[in-house]
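> Data file run19.txt (compact mmCIF, C-alpha atoms) is appended below.
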```txt
# COMPACT_ATOMS: atom_id res chain seq x y z
CA MET L 1 109.18 61.50 76.18
CA LYS L 2 107.96 58.90 73.74
CA LYS L 3 104.25 58.25 73.62
CA ILE L 4 103.03 55.61 71.15
CA PHE L 5 99.33 55.16 70.62
CA PRO L 6 98.04 52.56 68.12
CA VAL L 7 95.81 53.90 65.36
CA ILE L 8 93.05 51.72 63.93
CA LEU L 9 91.83 52.56 60.41
CA ILE L 10 88.28 51.53 59.59
CA ALA L 11 87.79 52.16 55.84
CA LEU L 12 84.30 52.18 54.40
CA ALA L 13 85.16 52.05 50.69
CA LEU L 14 83.77 51.06 47.31
CA HIS L 15 84.20 47.44 46.11
CA SER L 16 84.96 48.28 42.51
CA CYS L 17 85.15 44.64 41.43
CA HIS L 18 81.93 43.54 43.18
CA ARG L 19 79.50 46.38 42.51
CA PRO L 20 76.04 45.38 43.78
CA ALA L 21 72.89 45.57 41.68
CA ALA L 22 71.15 48.92 41.45
CA PRO L 23 69.31 49.64 44.72
CA ALA L 24 65.62 50.24 45.07
CA GLU L 25 64.28 53.77 44.64
CA GLY L 26 65.07 56.02 47.58
CA VAL L 27 67.92 53.81 48.77
CA GLY L 28 71.71 54.00 48.58
CA THR L 29 74.36 51.52 49.69
CA LEU L 30 77.60 51.24 51.61
CA SER L 31 80.29 48.70 50.73
CA VAL L 32 82.50 47.94 53.72
CA ASP L 33 86.19 47.05 53.81
CA MET L 34 88.46 46.82 56.85
CA ALA L 35 92.10 47.90 57.01
CA GLN L 36 94.68 48.56 59.71
CA GLY L 37 97.14 51.39 59.61
CA GLY L 38 99.66 53.44 61.59
CA ASP L 39 101.39 51.74 64.51
CA TYR L 40 98.42 49.43 65.12
CA ILE L 41 99.31 45.78 65.75
CA GLN L 42 96.56 43.16 65.60
CA THR L 43 96.09 41.42 68.94
CA LYS L 44 93.61 38.91 70.34
CA ALA L 45 92.32 41.44 72.86
CA SER L 46 88.75 42.36 71.99
CA ASN L 47 89.25 46.05 72.75
CA THR L 48 91.91 46.33 70.02
CA ASP L 49 90.40 43.90 67.50
CA VAL L 50 88.41 45.99 65.03
CA ASN L 51 86.10 43.06 64.27
CA GLU L 52 84.84 43.30 67.86
CA PHE L 53 84.07 47.02 67.69
CA ILE L 54 80.49 48.20 68.28
CA ILE L 55 79.04 50.10 65.33
CA ASP L 56 76.13 52.55 65.48
CA ILE L 57 74.71 54.31 62.43
CA THR L 58 72.17 57.06 63.14
CA ARG L 59 70.05 59.40 61.03
CA PRO L 60 69.42 62.50 63.18
CA SER L 61 66.52 63.77 61.07
CA ASP L 62 64.15 61.03 62.24
CA GLY L 63 66.07 59.14 64.96
CA TYR L 64 66.69 56.05 62.79
CA VAL L 65 69.40 53.80 64.30
CA LYS L 66 71.25 50.81 62.85
CA HIS L 67 73.29 48.94 65.46
CA PHE L 68 75.86 46.15 65.14
CA ASP L 69 77.32 44.43 68.19
CA ARG L 70 80.38 43.47 66.14
CA PHE L 71 81.95 45.15 63.16
CA GLY L 72 82.78 41.63 61.96
CA ASP L 73 79.02 40.92 61.68
CA MET L 74 78.28 44.04 59.64
CA PRO L 75 77.36 43.13 56.03
CA GLN L 76 79.76 44.08 53.29
CA VAL L 77 76.96 45.82 51.42
CA LEU L 78 74.60 47.82 53.60
CA GLU L 79 71.40 49.39 52.25
CA LEU L 80 70.30 52.68 53.77
CA GLY L 81 67.63 55.19 52.91
CA SER L 82 68.79 58.51 51.52
CA GLY L 83 69.70 61.18 54.05
CA ASN L 84 72.43 62.43 56.39
CA TYR L 85 73.96 60.00 58.88
CA THR L 86 76.57 59.63 61.62
CA ILE L 87 78.59 56.45 62.06
CA ALA L 88 80.41 55.70 65.31
CA ALA L 89 82.76 52.85 66.22
CA GLN L 90 83.98 51.98 69.71
CA SER L 91 85.80 49.24 71.58
CA PRO L 92 83.33 46.79 73.14
CA VAL L 93 84.46 47.28 76.76
CA THR L 94 84.69 50.65 78.53
CA LYS L 95 85.53 51.33 82.17
CA GLN L 96 86.45 54.40 84.21
CA ALA L 97 89.65 52.70 85.40
CA ALA L 98 91.17 49.36 84.41
CA TRP L 99 94.40 47.52 83.75
CA ASP L 100 95.38 46.87 80.12
CA LEU L 101 92.19 48.36 78.71
CA PRO L 102 92.82 50.92 75.95
CA VAL L 103 89.50 52.15 74.58
CA TYR L 104 89.27 53.23 70.94
CA GLY L 105 86.55 55.12 69.14
CA ALA L 106 85.70 57.59 66.40
CA SER L 107 82.77 59.00 64.49
CA ALA L 108 82.09 60.68 61.15
CA ASP L 109 79.18 62.24 59.28
CA PHE L 110 78.19 61.07 55.80
CA SER L 111 75.31 61.25 53.32
CA ILE L 112 73.53 58.50 51.43
CA VAL L 113 72.41 59.44 47.91
CA VAL L 114 69.82 57.44 45.99
CA GLY L 115 71.42 54.88 43.67
CA GLU L 116 74.99 55.61 44.78
CA LEU L 117 77.63 53.98 46.98
CA THR L 118 79.07 56.31 49.61
CA PRO L 119 82.71 55.97 50.77
CA VAL L 120 83.42 56.96 54.37
CA SER L 121 86.72 56.80 56.27
CA LEU L 122 86.82 56.51 60.03
CA VAL L 123 90.01 56.64 62.11
CA ALA L 124 89.59 55.27 65.62
CA THR L 125 92.04 56.60 68.18
CA LEU L 126 92.58 56.18 71.89
CA GLN L 127 89.67 57.66 73.83
CA ASN L 128 90.94 57.12 77.37
CA MET L 129 94.24 57.99 79.09
CA LYS L 130 97.26 55.91 80.01
CA VAL L 131 99.14 56.25 83.30
CA SER L 132 102.59 54.81 83.96
CA PHE L 133 105.56 55.51 86.25
CA GLN L 134 109.27 56.23 86.09
CA LEU L 135 111.28 55.62 89.28
CA SER L 136 114.60 57.24 90.03
CA GLU L 137 117.39 55.14 91.49
CA ASN L 138 117.29 57.31 94.59
CA PHE L 139 113.60 56.57 95.04
CA LYS L 140 114.18 52.81 94.92
CA LYS L 141 117.23 53.00 97.17
CA GLU L 142 115.87 55.29 99.89
CA LEU L 143 112.45 53.64 100.26
CA SER L 144 111.80 50.09 101.44
CA ASN L 145 108.21 49.93 100.25
CA TYR L 146 105.66 52.16 98.55
CA THR L 147 102.08 52.20 97.30
CA VAL L 148 100.73 54.40 94.51
CA THR L 149 97.01 55.13 94.12
CA VAL L 150 95.50 56.90 91.12
CA THR L 151 91.84 57.87 90.70
CA ASN L 152 89.68 59.96 88.40
CA ALA L 153 86.96 60.28 91.03
CA PRO L 154 85.90 63.84 91.91
CA SER L 155 87.31 63.39 95.45
CA TRP L 156 89.23 60.86 97.51
CA GLU L 157 86.02 60.13 99.39
CA ALA L 158 84.45 58.98 96.12
CA ALA L 159 87.45 56.86 95.08
CA ASP L 160 86.33 53.26 94.52
CA PRO L 161 88.84 50.51 93.54
CA ASP L 162 86.00 48.67 91.80
CA VAL L 163 84.99 51.65 89.64
CA ASN L 164 87.36 54.59 89.23
CA THR L 165 90.59 53.84 91.11
CA LEU L 166 93.70 51.72 90.54
CA VAL L 167 96.16 50.81 93.30
CA TRP L 168 99.74 49.72 92.69
CA ALA L 169 99.68 47.98 96.07
CA ASP L 170 103.36 47.48 96.88
CA LYS L 171 106.95 48.00 95.75
CA ALA L 172 106.85 45.03 93.37
CA ALA L 173 103.70 46.30 91.64
CA VAL L 174 105.12 49.80 91.14
CA ASP L 175 108.51 48.50 90.01
CA GLU L 176 106.81 46.23 87.47
CA GLY L 177 105.54 49.35 85.74
CA LYS L 178 102.15 47.97 84.74
CA PRO L 179 100.19 50.79 83.05
CA GLY L 180 96.65 51.74 83.99
CA TYR L 181 93.95 53.27 81.81
CA PHE L 182 91.44 55.92 82.90
CA SER L 183 88.48 57.64 81.28
CA VAL L 184 89.09 61.33 80.66
CA ALA L 185 88.69 63.27 83.91
CA PRO L 186 91.10 65.07 86.27
CA LEU L 187 93.41 62.63 88.02
CA MET L 188 94.54 62.51 91.64
CA VAL L 189 97.69 60.64 92.62
CA LYS L 190 99.00 59.79 96.08
CA VAL L 191 102.09 57.93 97.21
CA ASP L 192 102.52 56.27 100.59
CA ALA L 193 106.11 55.21 101.27
CA TYR L 194 108.42 53.96 104.02
CA ARG L 195 112.04 54.96 104.48
CA ALA L 196 114.50 52.07 104.22
CA ILE L 197 116.82 53.24 107.01
CA ASP L 198 114.27 53.56 109.82
CA GLY L 199 110.81 52.61 108.48
CA SER L 200 109.45 56.13 108.93
CA GLU L 201 106.41 56.94 106.82
CA THR L 202 106.10 59.72 104.25
CA HIS L 203 103.43 60.76 101.76
CA ALA L 204 102.95 62.89 98.66
CA ALA L 205 100.01 63.85 96.45
CA LEU L 206 99.50 65.30 93.00
CA SER L 207 96.49 66.59 91.03
CA ILE L 208 96.43 66.59 87.22
CA THR L 209 93.70 68.86 85.88
CA LYS L 210 94.66 69.31 82.22
CA VAL L 211 93.55 66.04 80.64
CA ALA L 212 92.44 64.87 77.20
CA PRO L 213 91.99 61.65 75.22
CA ARG L 214 95.29 59.99 74.19
CA ASP L 215 97.20 61.62 77.05
CA HIS L 216 99.97 59.46 78.42
CA HIS L 217 100.66 60.63 81.96
CA ILE L 218 104.16 59.51 82.87
CA ILE L 219 104.56 60.13 86.59
CA LYS L 220 108.16 60.38 87.76
CA LEU L 221 108.80 59.31 91.34
CA ASP L 222 111.85 60.67 93.11
CA ALA L 223 112.93 60.84 96.75
CA ARG L 224 115.02 63.65 98.19
CA VAL L 225 116.86 63.17 101.47
CA THR L 226 116.08 66.26 103.55
CA GLY L 227 118.04 65.39 106.69
CA SER L 228 118.21 62.77 109.42
CA VAL L 229 115.30 64.30 111.34
CA SER L 230 112.80 65.30 108.66
CA GLY L 231 113.21 62.12 106.59
CA ILE L 232 112.35 62.05 102.92
CA SER L 233 110.11 64.17 100.72
CA LEU L 234 108.61 62.72 97.58
CA VAL L 235 108.70 64.67 94.33
CA LEU L 236 106.18 63.75 91.66
CA ASP L 237 106.71 65.09 88.17
CA ASP L 238 103.94 64.63 85.60
CA SER L 239 104.60 64.93 81.88
CA VAL L 240 101.48 64.91 79.72
CA ASN L 241 100.97 64.62 75.98
CA GLU L 242 102.02 67.98 74.49
CA LYS L 243 102.69 69.54 77.90
CA ASP L 244 106.08 71.03 78.66
CA SER L 245 105.80 72.13 82.29
CA ASP L 246 106.66 70.08 85.35
CA VAL L 247 104.25 69.70 88.27
CA ASN L 248 105.66 69.84 91.79
CA VAL L 249 103.91 68.52 94.86
CA ASP L 250 102.48 71.31 96.99
CA GLY L 251 103.58 71.43 100.62
CA TRP L 252 107.03 69.85 100.23
CA SER L 253 109.87 72.32 100.48
CA GLU L 254 112.94 72.12 98.32
CA VAL L 255 116.21 71.00 99.88
CA PRO L 256 118.31 74.08 100.77
CA VAL L 257 121.83 74.25 99.38
CA GLU L 258 124.35 74.44 102.19
CA GLY L 259 126.62 77.46 102.15
CA GLY L 260 124.41 79.25 99.60
CA GLY L 261 124.47 82.65 101.33
CA GLN L 262 122.10 85.50 100.61
CA GLY L 263 123.77 86.85 97.50
CA GLY L 264 124.20 90.53 96.70
CA ASP L 265 127.94 90.61 97.40
CA ASP L 266 128.93 90.06 93.78
CA ASP L 267 130.47 93.09 92.11
CA GLY L 268 128.48 92.44 88.90
CA GLY L 269 130.32 92.90 85.64
CA ASP L 270 130.60 90.21 82.94
CA ASP L 271 129.42 87.42 85.25
CA ASN L 272 125.86 88.69 84.87
CA PRO L 273 125.03 88.45 81.20
CA GLY L 274 121.40 89.37 81.88
CA GLY L 275 122.32 92.67 83.51
CA GLY L 276 123.11 96.03 82.05
CA GLU L 277 126.19 98.13 82.73
CA GLY L 278 127.66 97.19 86.08
CA GLY L 279 125.57 94.01 86.23
CA ASP L 280 122.43 95.70 87.54
CA PRO L 281 119.76 92.94 87.53
CA GLN L 282 117.03 95.59 87.22
CA THR L 283 118.16 96.46 83.67
CA SER L 284 118.15 93.00 82.10
CA THR L 285 118.73 92.87 78.35
CA ALA L 286 117.42 89.32 77.94
CA PRO L 287 114.61 88.75 75.37
CA THR L 288 110.97 89.08 76.50
CA MET L 289 107.60 88.04 75.04
CA THR L 290 104.18 89.59 75.68
CA TRP L 291 100.81 88.63 74.22
CA ASP L 292 98.22 91.32 74.90
CA ALA L 293 95.27 89.11 73.94
CA ASN L 294 96.49 86.33 76.26
CA PRO L 295 98.84 87.75 78.91
CA ASN L 296 99.28 84.43 80.75
CA PHE L 297 99.81 82.39 77.56
CA GLU L 298 96.90 80.10 78.45
CA PRO L 299 95.93 77.28 76.02
CA THR L 300 93.84 78.95 73.31
CA PRO L 301 90.88 77.54 71.32
CA ILE L 302 91.52 77.29 67.58
CA GLU L 303 89.20 79.52 65.55
CA SER L 304 89.05 80.72 61.96
CA SER L 305 89.90 84.25 63.12
CA MET L 306 92.49 84.61 65.89
CA ASP L 307 94.63 87.25 67.57
CA VAL L 308 98.01 85.57 68.06
CA ASN L 309 100.28 88.60 67.93
CA ILE L 310 103.23 88.17 70.27
CA LEU L 311 105.52 91.11 70.88
CA ILE L 312 109.14 90.01 71.19
CA LYS L 313 111.76 92.42 72.48
CA ALA L 314 115.46 91.58 72.30
CA PRO L 315 117.59 94.61 73.24
CA GLU L 316 120.77 92.79 72.17
CA ALA L 317 119.23 91.92 68.74
CA ILE L 318 117.93 88.56 67.57
CA LYS L 319 120.49 86.04 66.30
CA ASP L 320 118.46 82.81 66.04
CA PHE L 321 114.72 82.15 65.95
CA LEU L 322 113.31 78.62 66.12
CA VAL L 323 109.71 77.44 66.38
CA VAL L 324 109.20 73.83 67.53
CA VAL L 325 105.89 72.63 66.06
CA ASP L 326 104.34 69.72 67.94
CA SER L 327 101.13 69.05 66.01
CA ASN L 328 99.84 65.85 64.43
CA ILE L 329 98.48 68.05 61.65
CA LEU L 330 100.78 71.00 60.99
CA SER L 331 104.19 69.45 61.77
CA GLU L 332 104.27 67.34 58.60
CA THR L 333 102.41 69.96 56.55
CA ILE L 334 104.97 72.66 57.33
CA ALA L 335 107.86 70.22 56.83
CA GLN L 336 106.56 69.35 53.34
CA MET L 337 106.13 73.05 52.51
CA GLY L 338 109.79 73.55 53.34
CA GLY L 339 110.99 70.57 51.29
CA HIS L 340 111.71 68.32 54.28
CA SER L 341 110.12 65.23 52.72
CA GLU L 342 112.14 62.92 54.98
CA TYR L 343 110.35 64.18 58.10
CA SER L 344 107.53 62.11 59.62
CA TYR L 345 105.59 63.28 62.65
CA ALA L 346 105.34 61.15 65.77
CA PRO L 347 104.61 62.11 69.39
CA GLY L 348 107.93 63.20 70.85
CA ASN L 349 109.29 64.09 67.39
CA PRO L 350 108.16 67.67 66.66
CA PHE L 351 109.28 69.61 63.58
CA VAL L 352 111.72 72.47 64.20
CA MET L 353 111.33 75.55 62.01
CA ASP L 354 114.48 77.62 61.60
CA LEU L 355 113.00 80.94 60.54
CA ILE L 356 116.31 82.62 59.77
CA HIS L 357 118.65 80.05 58.24
CA ASP L 358 116.35 77.55 56.45
CA ASP L 359 116.08 79.14 52.99
CA ALA L 360 113.48 76.75 51.53
CA LEU L 361 111.23 76.94 54.55
CA THR L 362 111.41 80.71 54.92
CA SER L 363 110.65 81.10 51.21
CA ALA L 364 107.49 78.98 51.63
CA LEU L 365 106.33 80.73 54.81
CA GLY L 366 107.27 84.30 53.91
CA GLY L 367 104.23 86.55 54.06
CA MET L 368 102.47 84.29 56.54
CA ILE L 369 104.86 84.76 59.49
CA PRO L 370 107.99 86.91 59.96
CA VAL L 371 111.16 85.29 58.55
CA LYS L 372 114.79 86.09 57.66
CA ASP L 373 115.71 89.77 58.07
CA GLN L 374 112.30 90.48 59.58
CA LEU L 375 113.77 88.65 62.59
CA GLU L 376 117.57 88.62 62.36
CA GLY L 377 119.16 91.69 63.88
CA GLN L 378 115.84 93.08 65.07
CA THR L 379 115.35 94.34 68.61
CA GLU L 380 111.54 94.34 68.48
CA VAL L 381 109.26 92.05 66.43
CA ASN L 382 105.50 91.58 66.29
CA PHE L 383 105.51 87.81 65.72
CA SER L 384 102.10 86.74 64.44
CA LEU L 385 100.71 83.21 64.19
CA SER L 386 97.23 84.53 63.39
CA ASP L 387 97.30 83.24 59.79
CA LEU L 388 99.19 79.99 60.38
CA VAL L 389 97.30 78.41 63.30
CA PRO L 390 93.80 78.52 61.70
CA LEU L 391 95.13 76.25 58.92
CA ILE L 392 94.71 73.42 61.43
CA LEU L 393 90.94 73.69 60.91
CA VAL L 394 91.30 72.79 57.24
CA TYR L 395 92.44 69.29 58.14
CA GLY L 396 89.59 68.45 60.52
CA PRO L 397 91.43 68.18 63.87
CA GLU L 398 90.11 65.96 66.63
CA SER L 399 88.09 67.61 69.35
CA GLY L 400 90.37 68.24 72.31
CA SER L 401 93.59 67.86 70.29
CA ARG L 402 96.49 70.10 71.36
CA HIS L 403 98.93 71.82 69.01
CA THR L 404 102.00 73.42 70.56
CA PHE L 405 104.31 76.04 69.04
CA THR L 406 107.38 76.59 71.23
CA LEU L 407 109.15 79.87 70.37
CA LYS L 408 112.93 79.90 71.00
CA VAL L 409 114.64 83.26 70.64
CA THR L 410 118.41 83.70 71.06
CA ASP L 411 120.13 87.08 70.97
CA THR L 412 123.66 88.09 70.00
CA LYS L 413 124.82 87.57 73.60
CA ASP L 414 123.45 83.99 73.54
CA GLN L 415 120.66 84.86 75.96
CA THR L 416 117.73 82.55 75.14
CA LEU L 417 114.02 82.79 75.84
CA GLU L 418 111.80 79.75 75.24
CA LYS L 419 107.99 79.97 75.44
CA PRO L 420 105.36 77.32 74.57
CA VAL L 421 102.19 78.60 72.90
CA VAL L 422 99.42 75.98 73.05
CA PHE L 423 96.32 75.80 70.88
CA VAL L 424 93.40 73.46 71.53
CA MET L 425 90.61 72.25 69.25
CA PRO L 426 87.34 72.87 71.14
```
Translate the structure of the given file into structure tokens.


Amino acid sequence: MKKIFPVILIALALHSCHRPAAPAEGVGTLSVDMAQGGDYIQTKASNTDVNEFIIDITRPSDGYVKHFDRFGDMPQVLELGSGNYTIAAQSPVTKQAAWDLPVYGASADFSIVVGELTPVSLVATLQNMKVSFQLSENFKKELSNYTVTVTNAPSWEAADPDVNTLVWADKAAVDEGKPGYFSVAPLMVKVDAYRAIDGSETHAALSITKVAPRDHHIIKLDARVTGSVSGISLVLDDSVNEKDSDVNVDGWSEVPVEGGGQGGDDDGGDDNPGGGEGGDPQTSTAPTMTWDANPNFEPTPIESSMDVNILIKAPEAIKDFLVVVDSNILSETIAQMGGHSEYSYAPGNPFVMDLIHDDALTSALGGMIPVKDQLEGQTEVNFSLSDLVPLILVYGPESGSRHTFTLKVTDTKDQTLEKPVVFVMP
């Protein structure tokens, strides 16, 4: 699912051709340039025009603050006393919920040295979240009208359309697909809809608790016909930045398949590839993964020392082993290590490591993670990411950023196990 977020590059760099006169004793200087990079496109909107960004420079040691209402008004050469500082940039307008209001921001620490010019780079990224919808044809056909409400209030009682709530008020508004933006907090979604055939009313609700800056929550709306009496149930499916699982609405039962039977009459045999001799489902030979330090495979904070030792058992022996790396830091780094210079990371375009058949990559990664014959043909492997994942810290990841390694193991009977392992920067 493609998620494009503009990136604004604010470069505080040395003017080599216009070096200012030597500063007074005890003072250093900054020379300021502005550049735009990534997928950023200059617009007239103040929240995405870097010249309109609010700048704050602070010196924690004594509480000194230098404030600029507009980056465009900040002098090219700025004198500051020596010491350690933090610079922060942010879009001029922030709201808990609003239409067409991406909010950008970033901060960095730097030091001013007497008589020197200090270069500082600051990359401002999306600080709030985007919400949009995808409607199935069945949803549009079965329902005559619908309203969608999204809030980041702590409860529906606290939902306020003037503060923290957006309402796509009718069918036309939802169909138009206008995105909304929300500050980072758990989201609640509800849909009120009316069936086209008889006008009967139906509702659905969804809570999204795993949220972070730059998330693009794409909420899929679908309608399932459950019979002439019970009407329609709504199914909401939320896909979040770097999140693989689907979210189903609690309280709405799935549609039963007619003629399904109870099972158990099959005589087993070759039609049950996951079973043992005679097709006994209790003796499955499919691959399994266990992680003693994290049995439920919960998102794990990135630390310099980690226990990411995953035991993989494949009774039929491993044939293929892939790791899909979805990380704005490590995807390109690993690709370059393996000689894949043509690869460029983008959300929705992870890098796939083939740990058995990619000779250049396995040569580069050997000794850090199991590769080649340490995997191929094995029935039990201790697959460790304990040395690889902490490398993310070297590149200064954003707080709250998520880095997903999806392990895909296929055995000689083409039984496949796929498991996402998610790491989060605290």

> Considering all atoms listed in the file, return as a compact mmCIF listing (two decimals) with C-alpha atoms, keeping the file's coordinate frame whatever protein or nucleic-acid residues lie within 8 Å of Pro102 of chain L, sequence-local ones (same chain, fewer than 3 positions apart) excluded.


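selection08.txt, freshly written:
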```txt
# COMPACT_ATOMS: atom_id res chain seq x y z
CA ASN L 47 89.25 46.05 72.75
CA THR L 48 91.91 46.33 70.02
CA LEU L 126 92.58 56.18 71.89
CA GLN L 127 89.67 57.66 73.83
CA ASN L 128 90.94 57.12 77.37
CA MET L 129 94.24 57.99 79.09
CA LYS L 130 97.26 55.91 80.01
CA TYR L 181 93.95 53.27 81.81
```

> For each of L:Val424, L:Met188, L:Leu135, L:Val409, take the minimum atom-to-atom distance to Leu221 of chain L, counting all atoms listed in the file, then give the residue where this is smallest.

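Among L:Val424, L:Met188, L:Leu135, L:Val409, it is L:Leu135 that comes nearest to Leu221 of chain L.
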
> Which residues are near Ala196 of chain L? Cut-off 12 Å, all atoms listed in the file, ignore same chain within fewer than 2 positions. Put them as a PyMOL selection string.

chain L and resi 138-146+193-194+198-202+223+225+231-232

> Which of these residues is nearest to Met425 of chain L, using only C-alpha atoms: L:Ile302, L:Ile334, L:Val381, L:Ala364?

L:Ile302

> Between L:Asp411, L:Asp100, L:Glu303, L:Asp192, which is the closest to Leu391 of chain L once you count all atoms listed in the file?

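So, comparing all the options, the nearest one is L:Glu303.
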
> Could you tell me how far atom CA of Ile219 of chain L sits from atom CA of Val150 of chain L, in Å to one decimal place?

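Atom-to-atom, atom CA of Val150 of chain L to atom CA of Ile219 of chain L, that is 10.6 Å.
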
> Out of L:Asn328, L:Ser363, L:Thr416, L:Thr58, which residue has the shortest atom-to-atom distance to Gly348 of chain L when counting all atoms listed in the file?

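The answer is L:Asn328, which sits nearest to Gly348 of chain L.
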
> Could you check which of L:Trp99, L:Ile218, L:Phe405, L:Pro347 is closest to Asp162 of chain L, using only C-alpha atoms?

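Distance minimum relative to Asp162 of chain L lands on L:Trp99.
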
> Atom CA of Lys66 of chain L and atom CA of Glu52 of chain L, how far apart in Å?

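One can read the atom CA of Glu52 of chain L to atom CA of Lys66 of chain L distance as 16.3 Å.
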
> Just want the 10 Å neighbourhood of Ile112 of chain L, counted on all atoms listed in the file, with same-chain residues fewer than 4 positions away dropped. Output as a PyMOL selection string.

chain L and resi 26-30+79-85+116-119

> Could you name the residues that touch Pro287 of chain L at 8 Å or less, counting only C-alpha atoms, but leaving out those on the same chain fewer than 6 positions away, as a list in words?

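Answer for this query is Ile312, Lys313, Ala314, Pro315, Val409, Thr410, Asp411, Gln415, Thr416 and Leu417 of chain L.
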
> Give me, please, the distance in Å between atom CA of Asn164 of chain L and atom CA of Gly105 of chain L, quoted to one decimal.

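We find that atom CA of Asn164 of chain L and atom CA of Gly105 of chain L lie 20.1 Å from each other.
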
> So which one's closest to Ser111 of chain L, L:Pro60, L:Pro161, L:Pro350, L:Gly338? Using only C-alpha atoms, please.

L:Pro60

> Tell me which protein, DNA and RNA residues are within 8 Å of Lys178 of chain L, counting only C-alpha atoms, leaving out same-chain ones fewer than 4 positions away, and put them as a short mmCIF file (atom, residue, chain, number, x, y, z; two decimals) with C-alpha atoms, keeping the file's coordinate frame.


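Final file, result-v2.cif:
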```cif
data_model
loop_
_atom_site.label_atom_id
_atom_site.label_comp_id
_atom_site.auth_asym_id
_atom_site.auth_seq_id
_atom_site.Cartn_x
_atom_site.Cartn_y
_atom_site.Cartn_z
CA TRP L 99 94.40 47.52 83.75
CA SER L 132 102.59 54.81 83.96
CA ALA L 173 103.70 46.30 91.64
CA VAL L 174 105.12 49.80 91.14
#
```
